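Undergrad: Dropping in input-v5.cif, with mmCIF, C-alpha atoms and all ligand atoms.
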data_entry
#
loop_
_atom_site.label_atom_id
_atom_site.label_comp_id
_atom_site.auth_asym_id
_atom_site.auth_seq_id
_atom_site.Cartn_x
_atom_site.Cartn_y
_atom_site.Cartn_z
CA MET U 1059 -63.26 41.33 -93.11
CA SER U 1060 -66.53 43.04 -92.13
CA GLU U 1061 -69.50 43.13 -94.48
CA PRO U 1062 -69.84 46.27 -96.65
CA LEU U 1063 -72.49 48.64 -95.28
CA VAL U 1064 -73.79 49.28 -98.78
CA LEU U 1065 -73.76 46.51 -101.37
CA VAL U 1066 -73.30 47.71 -104.95
CA THR U 1067 -74.38 45.49 -107.84
CA ARG U 1068 -74.67 46.19 -111.56
CA HIS U 1069 -76.94 44.44 -114.03
CA GLY U 1070 -76.54 46.12 -117.39
CA ALA U 1071 -77.30 49.81 -116.93
CA VAL U 1072 -79.04 49.33 -113.56
CA CYS U 1073 -77.01 49.98 -110.42
CA THR U 1074 -78.55 48.57 -107.23
CA LEU U 1075 -77.47 49.90 -103.85
CA THR U 1076 -78.50 47.73 -100.91
CA LEU U 1077 -78.33 49.14 -97.38
CA ASN U 1078 -76.66 46.34 -95.50
CA ARG U 1079 -77.16 46.52 -91.73
CA PRO U 1080 -80.03 44.02 -91.52
CA GLN U 1081 -79.55 43.38 -87.79
CA SER U 1082 -80.65 47.02 -87.18
CA LEU U 1083 -83.18 47.15 -90.03
CA ASN U 1084 -80.54 49.09 -92.00
CA ALA U 1085 -80.63 52.10 -89.66
CA PHE U 1086 -78.26 54.88 -90.69
CA THR U 1087 -74.90 55.19 -89.00
CA THR U 1088 -72.43 57.86 -90.07
CA ALA U 1089 -70.34 55.08 -91.63
CA MET U 1090 -73.29 53.82 -93.70
CA HIS U 1091 -74.09 57.40 -94.74
CA ALA U 1092 -70.53 57.85 -95.98
CA ASP U 1093 -70.63 54.60 -97.97
CA LEU U 1094 -74.02 55.45 -99.46
CA ARG U 1095 -72.80 58.91 -100.51
CA THR U 1096 -69.76 57.34 -102.15
CA ALA U 1097 -71.88 54.73 -103.96
CA LEU U 1098 -74.40 57.32 -105.18
CA SER U 1099 -71.65 59.62 -106.43
CA ALA U 1100 -69.95 56.73 -108.22
CA ALA U 1101 -73.25 55.78 -109.90
CA ALA U 1102 -73.83 59.42 -110.86
CA ALA U 1103 -70.37 59.65 -112.42
CA ASP U 1104 -70.63 56.36 -114.32
CA ARG U 1105 -72.09 57.19 -117.73
CA GLN U 1106 -73.02 53.54 -118.28
CA VAL U 1107 -75.48 53.69 -115.36
CA ARG U 1108 -78.99 54.74 -116.49
CA CYS U 1109 -81.03 53.88 -113.39
CA VAL U 1110 -80.30 53.45 -109.68
CA VAL U 1111 -82.27 51.21 -107.32
CA LEU U 1112 -82.07 51.72 -103.55
CA THR U 1113 -83.19 48.86 -101.32
CA GLY U 1114 -82.48 47.19 -97.99
CA ALA U 1115 -81.03 43.85 -96.95
CA GLY U 1116 -83.11 41.54 -94.76
CA ARG U 1117 -86.63 42.27 -93.55
CA GLY U 1118 -86.40 46.07 -93.36
CA PHE U 1119 -85.77 48.90 -95.82
CA CYS U 1120 -84.32 51.40 -93.33
CA ALA U 1121 -85.27 52.28 -89.73
CA GLY U 1122 -83.93 55.84 -89.96
CA GLN U 1123 -81.19 57.14 -87.75
CA ASP U 1124 -79.42 54.41 -85.76
CA LEU U 1125 -80.35 55.56 -82.29
CA SER U 1126 -77.32 53.79 -80.82
CA ASP U 1127 -74.75 55.29 -83.19
CA ALA U 1128 -71.81 57.07 -81.62
CA ALA U 1129 -72.69 60.22 -83.59
CA ILE U 1130 -75.74 60.82 -81.40
CA ALA U 1131 -74.59 59.09 -78.23
CA ARG U 1132 -74.80 61.28 -75.17
CA ASP U 1133 -71.64 62.11 -73.30
CA ALA U 1134 -72.04 60.50 -69.88
CA THR U 1135 -70.06 63.28 -68.21
CA PRO U 1136 -72.28 65.31 -65.85
CA ASP U 1137 -73.40 68.62 -67.44
CA ALA U 1138 -72.07 67.55 -70.84
CA PRO U 1139 -74.07 69.30 -73.61
CA PRO U 1140 -76.47 67.10 -75.60
CA PRO U 1141 -75.32 66.06 -79.09
CA ASP U 1142 -76.19 68.52 -81.86
CA ILE U 1143 -78.63 66.63 -84.08
CA GLY U 1144 -78.77 69.62 -86.44
CA ARG U 1145 -75.16 68.98 -87.29
CA LEU U 1146 -75.97 65.36 -88.11
CA ILE U 1147 -78.64 66.58 -90.50
CA ALA U 1148 -76.32 69.11 -92.12
CA GLU U 1149 -73.48 66.64 -92.53
CA HIS U 1150 -75.40 63.52 -93.53
CA TYR U 1151 -79.15 63.78 -94.20
CA LYS U 1152 -79.12 66.99 -96.22
CA PRO U 1153 -76.37 65.71 -98.55
CA LEU U 1154 -78.27 62.43 -98.92
CA ALA U 1155 -81.60 64.12 -99.74
CA LEU U 1156 -79.97 66.53 -102.20
CA ARG U 1157 -77.91 63.78 -103.82
CA LEU U 1158 -80.96 61.57 -104.37
CA ARG U 1159 -82.92 64.43 -105.90
CA SER U 1160 -80.12 65.55 -108.17
CA MET U 1161 -79.05 62.20 -109.57
CA PRO U 1162 -78.55 62.41 -113.34
CA VAL U 1163 -80.63 59.24 -113.75
CA PRO U 1164 -83.96 58.04 -112.32
CA VAL U 1165 -83.81 56.53 -108.84
CA ILE U 1166 -86.20 53.82 -107.63
CA ALA U 1167 -86.68 52.95 -103.96
CA ALA U 1168 -87.51 49.25 -103.72
CA VAL U 1169 -89.02 49.25 -100.24
CA ASN U 1170 -88.76 45.66 -99.09
CA GLY U 1171 -89.88 46.19 -95.49
CA VAL U 1172 -90.40 48.83 -92.85
CA ALA U 1173 -89.19 52.35 -93.73
CA ALA U 1174 -89.14 54.53 -90.61
CA GLY U 1175 -88.02 58.08 -89.81
CA ALA U 1176 -85.30 59.25 -92.13
CA GLY U 1177 -85.47 55.82 -93.77
CA ALA U 1178 -89.01 56.58 -94.95
CA ASN U 1179 -87.99 60.00 -96.17
CA ALA U 1180 -84.89 58.68 -97.92
CA ALA U 1181 -87.29 56.50 -99.93
CA LEU U 1182 -89.61 59.46 -100.60
CA ASN U 1183 -86.66 61.38 -102.06
CA CYS U 1184 -86.48 58.79 -104.84
CA ASP U 1185 -88.31 59.28 -108.13
CA PHE U 1186 -90.32 56.08 -107.81
CA VAL U 1187 -91.17 54.25 -104.61
CA VAL U 1188 -92.25 50.66 -105.21
CA ALA U 1189 -93.07 48.85 -101.98
CA ALA U 1190 -93.76 45.27 -101.06
CA ARG U 1191 -97.28 44.77 -99.70
CA SER U 1192 -95.84 43.82 -96.29
CA ALA U 1193 -93.75 47.01 -96.13
CA SER U 1194 -94.78 50.06 -94.13
CA PHE U 1195 -93.92 53.73 -93.73
CA ILE U 1196 -93.58 55.41 -90.34
CA GLN U 1197 -92.88 59.08 -89.71
CA ALA U 1198 -91.36 58.01 -86.39
CA PHE U 1199 -89.90 61.40 -85.47
CA ALA U 1200 -92.67 62.67 -83.17
CA LYS U 1201 -92.30 59.55 -81.04
CA ILE U 1202 -88.81 60.71 -80.10
CA GLY U 1203 -89.62 64.41 -79.87
CA LEU U 1204 -88.32 65.45 -83.28
CA VAL U 1205 -89.71 66.79 -86.55
CA PRO U 1206 -89.59 64.98 -89.90
CA ASP U 1207 -86.16 65.38 -91.50
CA CYS U 1208 -84.27 64.20 -94.56
CA GLY U 1209 -86.62 66.48 -96.51
CA GLY U 1210 -89.81 65.19 -94.86
CA THR U 1211 -91.31 68.59 -94.04
CA TRP U 1212 -90.99 69.60 -97.70
CA LEU U 1213 -91.90 66.29 -99.27
CA LEU U 1214 -94.88 65.14 -97.21
CA PRO U 1215 -97.32 68.02 -97.83
CA ARG U 1216 -96.37 68.06 -101.50
CA LEU U 1217 -97.01 64.35 -101.86
CA VAL U 1218 -100.18 63.93 -99.83
CA GLY U 1219 -101.41 67.42 -98.87
CA ARG U 1220 -101.21 69.26 -95.55
CA ALA U 1221 -103.92 67.35 -93.68
CA ARG U 1222 -102.46 63.93 -94.34
CA ALA U 1223 -98.89 65.18 -93.92
CA LEU U 1224 -99.73 66.53 -90.49
CA GLY U 1225 -101.56 63.36 -89.53
CA LEU U 1226 -98.68 61.14 -90.57
CA ALA U 1227 -96.03 63.37 -88.99
CA MET U 1228 -97.82 64.13 -85.73
CA LEU U 1229 -99.22 60.66 -85.02
CA GLY U 1230 -96.29 58.64 -86.37
CA ASP U 1231 -98.58 55.70 -87.09
CA LYS U 1232 -97.52 52.83 -89.28
CA LEU U 1233 -98.89 53.33 -92.80
CA SER U 1234 -99.26 50.18 -94.89
CA ALA U 1235 -97.76 50.09 -98.37
CA GLU U 1236 -101.26 49.65 -99.80
CA GLU U 1237 -102.53 52.77 -98.04
CA ALA U 1238 -99.37 54.65 -99.00
CA GLN U 1239 -100.14 53.96 -102.64
CA ARG U 1240 -103.82 54.82 -102.20
CA ILE U 1241 -103.06 58.29 -100.81
CA GLY U 1242 -100.33 59.00 -103.37
CA LEU U 1243 -97.37 58.85 -101.01
CA ILE U 1244 -95.70 56.20 -103.17
CA TRP U 1245 -95.87 55.06 -106.77
CA GLN U 1246 -96.83 51.42 -106.34
CA CYS U 1247 -97.49 48.62 -103.88
CA VAL U 1248 -96.90 45.11 -105.19
CA ASP U 1249 -97.06 41.61 -103.76
CA ASP U 1250 -93.92 40.74 -101.83
CA ALA U 1251 -92.99 38.00 -104.28
CA ALA U 1252 -93.31 40.44 -107.18
CA LEU U 1253 -91.17 43.26 -105.75
CA HIS U 1254 -87.92 42.27 -107.41
CA ALA U 1255 -89.47 41.62 -110.82
CA SER U 1256 -91.61 44.78 -110.71
CA VAL U 1257 -88.65 46.99 -109.81
CA ASP U 1258 -86.48 45.32 -112.41
CA ALA U 1259 -89.09 45.82 -115.12
CA LEU U 1260 -89.46 49.50 -114.21
CA ALA U 1261 -85.67 49.97 -114.05
CA GLN U 1262 -85.16 48.30 -117.43
CA ARG U 1263 -87.87 50.47 -118.94
CA LEU U 1264 -86.33 53.65 -117.54
CA CYS U 1265 -82.90 52.64 -118.86
CA THR U 1266 -84.24 52.69 -122.41
CA MET U 1267 -85.70 56.17 -121.96
CA PRO U 1268 -83.97 59.57 -122.44
CA VAL U 1269 -82.69 59.68 -118.85
CA GLN U 1270 -81.22 63.16 -119.21
CA ALA U 1271 -84.70 64.49 -119.97
CA LEU U 1272 -86.13 62.46 -117.08
CA ALA U 1273 -83.67 64.01 -114.63
CA ALA U 1274 -84.48 67.45 -116.06
CA THR U 1275 -88.20 66.67 -115.62
CA ARG U 1276 -87.70 65.91 -111.93
CA ARG U 1277 -85.78 69.15 -111.47
CA ALA U 1278 -88.36 71.17 -113.41
CA LEU U 1279 -91.26 69.80 -111.37
CA ASP U 1280 -89.47 70.47 -108.09
CA ASP U 1281 -88.42 73.98 -109.13
CA ALA U 1282 -91.89 74.82 -110.46
CA MET U 1283 -93.36 74.25 -106.98
CA LEU U 1284 -91.55 77.39 -105.87
CA MET U 1285 -92.28 79.54 -108.92
CA PRO U 1286 -95.10 81.73 -110.19
CA TYR U 1287 -96.86 80.19 -113.22
CA ASP U 1288 -95.24 82.40 -115.85
CA ALA U 1289 -91.77 81.73 -114.43
CA ALA U 1290 -92.42 77.98 -114.59
CA ILE U 1291 -93.35 78.31 -118.27
CA ASP U 1292 -90.17 80.32 -118.89
CA ALA U 1293 -88.17 77.59 -117.15
CA GLU U 1294 -89.83 74.97 -119.38
CA ALA U 1295 -88.80 77.00 -122.43
CA ALA U 1296 -85.19 77.21 -121.24
CA LEU U 1297 -85.08 73.47 -120.67
CA GLN U 1298 -86.65 72.71 -124.06
CA SER U 1299 -84.04 74.99 -125.70
CA ARG U 1300 -81.28 72.97 -124.08
CA LEU U 1301 -82.77 69.50 -124.50
CA GLY U 1302 -83.95 70.27 -128.03
CA ARG U 1303 -80.32 70.50 -129.12
CA GLU U 1304 -79.36 67.17 -127.55
CA HIS U 1305 -78.91 63.85 -129.28
CA ASP U 1306 -81.83 62.18 -127.49
CA HIS U 1307 -84.38 64.65 -128.83
CA LEU U 1308 -83.07 64.37 -132.38
CA GLU U 1309 -82.99 60.59 -132.04
CA GLY U 1310 -86.53 60.48 -130.63
CA VAL U 1311 -87.92 62.50 -133.54
CA ALA U 1312 -85.89 60.59 -136.13
CA ALA U 1313 -87.06 57.27 -134.71
CA PHE U 1314 -90.67 58.42 -134.74
CA MET U 1315 -90.43 59.53 -138.35
CA ALA U 1316 -88.72 56.28 -139.39
CA LYS U 1317 -91.25 54.20 -137.40
CA ARG U 1318 -88.46 52.48 -135.44
CA SER U 1319 -87.54 52.25 -131.75
CA PRO U 1320 -85.32 55.09 -130.53
CA VAL U 1321 -81.89 54.43 -129.04
CA PHE U 1322 -81.33 57.04 -126.35
CA SER U 1323 -77.83 57.56 -124.99
CA ASP U 1324 -77.51 61.05 -123.43
CA ARG U 1325 -76.60 61.23 -119.75
O1 LIG C 1401 -80.73 61.74 -83.06
C1 LIG C 1401 -81.59 61.50 -83.91
O2 LIG C 1401 -82.53 60.76 -83.68
C2 LIG C 1401 -81.46 62.14 -85.28
C3 LIG C 1401 -82.65 61.91 -86.10
C4 LIG C 1401 -82.61 61.35 -87.28
C5 LIG C 1401 -83.77 61.08 -88.11
C6 LIG C 1401 -84.51 59.82 -87.74
O3 LIG C 1401 -84.49 58.89 -88.50
S1 LIG C 1401 -85.37 59.81 -86.30
C7 LIG C 1401 -86.19 58.24 -86.33
C8 LIG C 1401 -85.30 57.16 -85.87
N1 LIG C 1401 -85.95 55.88 -86.06
C9 LIG C 1401 -86.85 55.42 -85.23
O4 LIG C 1401 -87.25 56.03 -84.26
C10 LIG C 1401 -87.39 54.03 -85.51
C11 LIG C 1401 -86.99 53.09 -84.40
N2 LIG C 1401 -87.41 51.73 -84.72
C12 LIG C 1401 -88.65 51.30 -84.57
O5 LIG C 1401 -89.56 52.02 -84.18
C13 LIG C 1401 -88.90 49.86 -84.88
O6 LIG C 1401 -87.70 49.17 -84.87
C14 LIG C 1401 -89.59 49.64 -86.24
C15 LIG C 1401 -91.04 50.12 -86.16
C16 LIG C 1401 -88.86 50.36 -87.36
C17 LIG C 1401 -89.60 48.13 -86.57
O7 LIG C 1401 -90.16 47.42 -85.48
P1 LIG C 1401 -89.99 45.82 -85.40
O8 LIG C 1401 -90.79 45.37 -84.23
O9 LIG C 1401 -90.30 45.24 -86.72
O10 LIG C 1401 -88.42 45.57 -85.17
P2 LIG C 1401 -87.59 45.82 -83.83
O11 LIG C 1401 -87.56 44.58 -83.03
O12 LIG C 1401 -88.03 47.07 -83.18
O13 LIG C 1401 -86.13 46.09 -84.45
C18 LIG C 1401 -85.30 45.04 -84.89
C19 LIG C 1401 -83.89 45.35 -84.44
O14 LIG C 1401 -83.48 46.55 -85.09
C20 LIG C 1401 -83.83 45.61 -82.95
O15 LIG C 1401 -82.57 45.19 -82.51
P3 LIG C 1401 -82.44 43.87 -81.57
O16 LIG C 1401 -83.29 44.11 -80.37
O17 LIG C 1401 -82.94 42.75 -82.43
O18 LIG C 1401 -80.97 43.79 -81.28
C21 LIG C 1401 -83.90 47.13 -82.87
O19 LIG C 1401 -83.30 47.65 -81.72
C22 LIG C 1401 -83.09 47.51 -84.10
N3 LIG C 1401 -83.47 48.84 -84.55
C23 LIG C 1401 -84.61 49.21 -85.17
N4 LIG C 1401 -84.60 50.50 -85.42
C24 LIG C 1401 -83.43 50.98 -84.96
C25 LIG C 1401 -82.70 49.93 -84.40
N5 LIG C 1401 -81.51 50.10 -83.85
C26 LIG C 1401 -81.01 51.36 -83.84
N6 LIG C 1401 -81.65 52.42 -84.36
C27 LIG C 1401 -82.85 52.28 -84.93
N7 LIG C 1401 -83.47 53.37 -85.49
#
Write out the structure in this file as structure tokens.
TA:
Amino acid sequence: MSEPLVLVTRHGAVCTLTLNRPQSLNAFTTAMHADLRTALSAAAADRQVRCVVLTGAGRGFCAGQDLSDAAIARDATPDAPPPDIGRLIAEHYKPLALRLRSMPVPVIAAVNGVAAGAGANAALNCDFVVAARSASFIQAFAKIGLVPDCGGTWLLPRLVGRARALGLAMLGDKLSAEEAQRIGLIWQCVDDAALHASVDALAQRLCTMPVQALAATRRALDDAMLMPYDAAIDAEAALQSRLGREHDHLEGVAAFMAKRSPVFSDR
């Protein structure tokens, strides 16, 4: 039997999804996309899961689109039209980006090695990016005559500003994990040996938090980027109305008043 393309493991409330094509630095094939979508949807539907970790097997995190995958292979027939990459985006990368950013729980990218092209932007779609010091980020698209995808055009300027976004996207240089943290592209760069423990500690911490409110926070921040100020404040009010009626809010206040630790359970 062949190896699964995405390994799924559960430790308590943390679900870890490991891209598992190490021989190609976990580059995306349509088959791996399908398995990742299935695994993310299963984690989203499982009310016991309170945090998802996305990582890669072997020495890479993800090298973006597998440039040898049949989905983008050129038809050798003379005059055959080139493959429609836009369709690949619509069918695979858009669903992936939207799924990651609408998960009902926090998502951590544990970037264990190089993250290139759509692999880098898949990581940047996660709520926290924790990278090993030896890892790197490459907006590799320009090198093959493309533009950043998997949400890159939207994410990059918001994360690091227009000047740096353009520099990263146009030059396609390798950015070290340390520099990525320094410019605010990622949350944290840690020593290679500490990656697993650091991600686990963050994941365990998030699991004890009101994850429904955390997912709503992500959504509110993203939505607010597109709103006038007063509309963002109205959206905050609507969210507080909803969350204020939920168990986690009542539990948080009750725990504070009783000087005890809260036990959050909403999903
Ligand atoms: O059609 C479309 O392109 C649609 C667009 C989709 C969005 C994208 O993601 S576009 C960007 C696609 N990705 C890239 O252009 C990155 C290509 N890879 C690299 O530039 C380098 O591999 C890295 C900088 C990521 C790492 O370099 P290095 O020296 O550490 O490793 P390597 O030797 O280049 O790669 C190791 C193996 O993985 C190698 O296979 P081999 O020779 O040992 O059998 C290499 O061919 C394979 N590999 C790496 N990246 C890809 C890949 N195979 C297929 N597709 C890849 N993207």
Undergrad: Residues within 7 Å of ligand LIG 1401 (chain C) should be enumerated using all atoms listed in the file and returned as a list in words.
TA: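 Those within range of ligand LIG 1401 (chain C) are Gln1081, Ser1082, Leu1083, Ala1085, Ala1121, Gly1122, Gln1123, Asp1124, Leu1125, Ser1126, Ile1130, Ile1143, Leu1146, Val1172, Ala1173, Ala1174, Gly1175, Ala1176, Gly1177, Ala1198, Phe1199, Lys1201, Ile1202 and Asp1207 of chain U.
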Undergrad: Go ahead and find all residues with at least one atom no further than 12 Å from (-99.9, 68.5, -96.2) in the file's coordinates, using all atoms listed in the file; report them as a list in words.
TA: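 Protein and nucleic acid residues near the point are Gly1210, Thr1211, Trp1212, Leu1213, Leu1214, Pro1215, Arg1216, Leu1217, Val1218, Gly1219, Arg1220, Ala1221, Arg1222, Ala1223, Leu1224, Gly1225, Leu1226, Ala1227, Met1228, Ile1241, Gly1242 and Leu1243 of chain U.
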Undergrad: Could the residues in this selection be written to a file with C-alpha atoms, as a short mmCIF file (atom, residue, chain, number, x, y, z; two decimals), in the frame of the given file?
TA:
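Contents of again.cif, freshly written:
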data_model
loop_
_atom_site.label_atom_id
_atom_site.label_comp_id
_atom_site.auth_asym_id
_atom_site.auth_seq_id
_atom_site.Cartn_x
_atom_site.Cartn_y
_atom_site.Cartn_z
CA GLY U 1210 -89.81 65.19 -94.86
CA THR U 1211 -91.31 68.59 -94.04
CA TRP U 1212 -90.99 69.60 -97.70
CA LEU U 1213 -91.90 66.29 -99.27
CA LEU U 1214 -94.88 65.14 -97.21
CA PRO U 1215 -97.32 68.02 -97.83
CA ARG U 1216 -96.37 68.06 -101.50
CA LEU U 1217 -97.01 64.35 -101.86
CA VAL U 1218 -100.18 63.93 -99.83
CA GLY U 1219 -101.41 67.42 -98.87
CA ARG U 1220 -101.21 69.26 -95.55
CA ALA U 1221 -103.92 67.35 -93.68
CA ARG U 1222 -102.46 63.93 -94.34
CA ALA U 1223 -98.89 65.18 -93.92
CA LEU U 1224 -99.73 66.53 -90.49
CA GLY U 1225 -101.56 63.36 -89.53
CA LEU U 1226 -98.68 61.14 -90.57
CA ALA U 1227 -96.03 63.37 -88.99
CA MET U 1228 -97.82 64.13 -85.73
CA ILE U 1241 -103.06 58.29 -100.81
CA GLY U 1242 -100.33 59.00 -103.37
CA LEU U 1243 -97.37 58.85 -101.01
#
Undergrad: Which polymer residues have any atom within 9 Å of an atom of range 1153-1155 of chain U, counting only C-alpha atoms, with same-chain residues fewer than 4 positions away left out, as a VMD selection string?
TA: chain U and resid 1091 1094 to 1095 1098 1147 to 1149 1159 to 1160 1179 to 1180 1183 to 1184 1208 to 1209
Undergrad: From (-72.2, 49.0, -97.9), in the file's coordinates, out to 10 Å: which residues are reached, counting all atoms listed in the file? Answer as a list in words.
TA: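 All residues meeting the 10 Å criterion around (-72.2, 49.0, -97.9) are Glu1061, Pro1062, Leu1063, Val1064, Leu1065, Val1066, Leu1075, Thr1076, Leu1077, Asn1078, Arg1079, Ala1089, Met1090, His1091, Ala1092, Asp1093, Leu1094, Thr1096 and Ala1097 of chain U.
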Undergrad: Residues within 7 Å of Ile1166 in chain U, please, as a ChimeraX atom specification. Count only C-alpha atoms; anything in the same chain fewer than 2 positions from it doesn't count.
TA: /U:1110-1112,1164,1168,1184-1187
Undergrad: Go ahead and write the residues just picked, C-alpha atoms, as an mmCIF file, keeping the file's coordinate frame.
TA:
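Writing done, so here's part02.cif:
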data_model
loop_
_atom_site.group_PDB
_atom_site.id
_atom_site.type_symbol
_atom_site.label_atom_id
_atom_site.label_comp_id
_atom_site.auth_asym_id
_atom_site.auth_seq_id
_atom_site.Cartn_x
_atom_site.Cartn_y
_atom_site.Cartn_z
ATOM 1 C CA VAL U 1110 -80.300 53.450 -109.680
ATOM 2 C CA VAL U 1111 -82.270 51.210 -107.320
ATOM 3 C CA LEU U 1112 -82.070 51.720 -103.550
ATOM 4 C CA PRO U 1164 -83.960 58.040 -112.320
ATOM 5 C CA ALA U 1168 -87.510 49.250 -103.720
ATOM 6 C CA CYS U 1184 -86.480 58.790 -104.840
ATOM 7 C CA ASP U 1185 -88.310 59.280 -108.130
ATOM 8 C CA PHE U 1186 -90.320 56.080 -107.810
ATOM 9 C CA VAL U 1187 -91.170 54.250 -104.610
#
Undergrad: Between U:Leu1204, U:Asp1231, U:Ala1295, U:Met1161, single out the one closest to Ser1099 in chain U, counting all atoms listed in the file.
TA: U:Met1161
Undergrad: Between CA of Ala1235 in chain U and CA of Val1188 in chain U, what is the spacing in Å?
TA: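 Pair CA of Val1188 in chain U / CA of Ala1235 in chain U returns 8.8 Å.
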Undergrad: My list of candidates is U:Pro1141, U:Val1205, U:Lys1317, U:Cys1073. Which is closest to Ala1128 in chain U when distances are computed with all atoms listed in the file?
TA: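 The closest residue to Ala1128 in chain U is U:Pro1141.
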Undergrad: Just checking: using only C-alpha atoms, which residue out of U:Gly1203, U:Gly1302, U:Pro1080, U:Gly1144 ends up closest to Gly1114 in chain U?
TA: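 For Gly1114 in chain U, the nearest of the candidates is U:Pro1080.
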Undergrad: CA of Ser1234 in chain U and CA of Ser1192 in chain U, how far apart in Å?
TA: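 Pair CA of Ser1192 in chain U / CA of Ser1234 in chain U returns 7.4 Å.
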Undergrad: Here is a test: counting all atoms listed in the file, which residue of U:Ala1273, U:Arg1117, U:Pro1162, U:Arg1145 is nearest to Ala1101 in chain U?
TA: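 For Ala1101 in chain U, the nearest of the given residues is U:Pro1162.
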Undergrad: Hey, what's within 10 Å of Asn1170 in chain U if we count all atoms listed in the file and toss same-chain stuff fewer than 4 positions away? As a list in words, please?
TA: Thr1113, Gly1114, Ala1115, Gly1116, Arg1117, Gly1118, Phe1119, Cys1120, Val1188, Ala1189, Ala1190, Arg1191, Ser1192, Ala1193, Ser1194, Asp1250, Leu1253 and His1254 of chain U
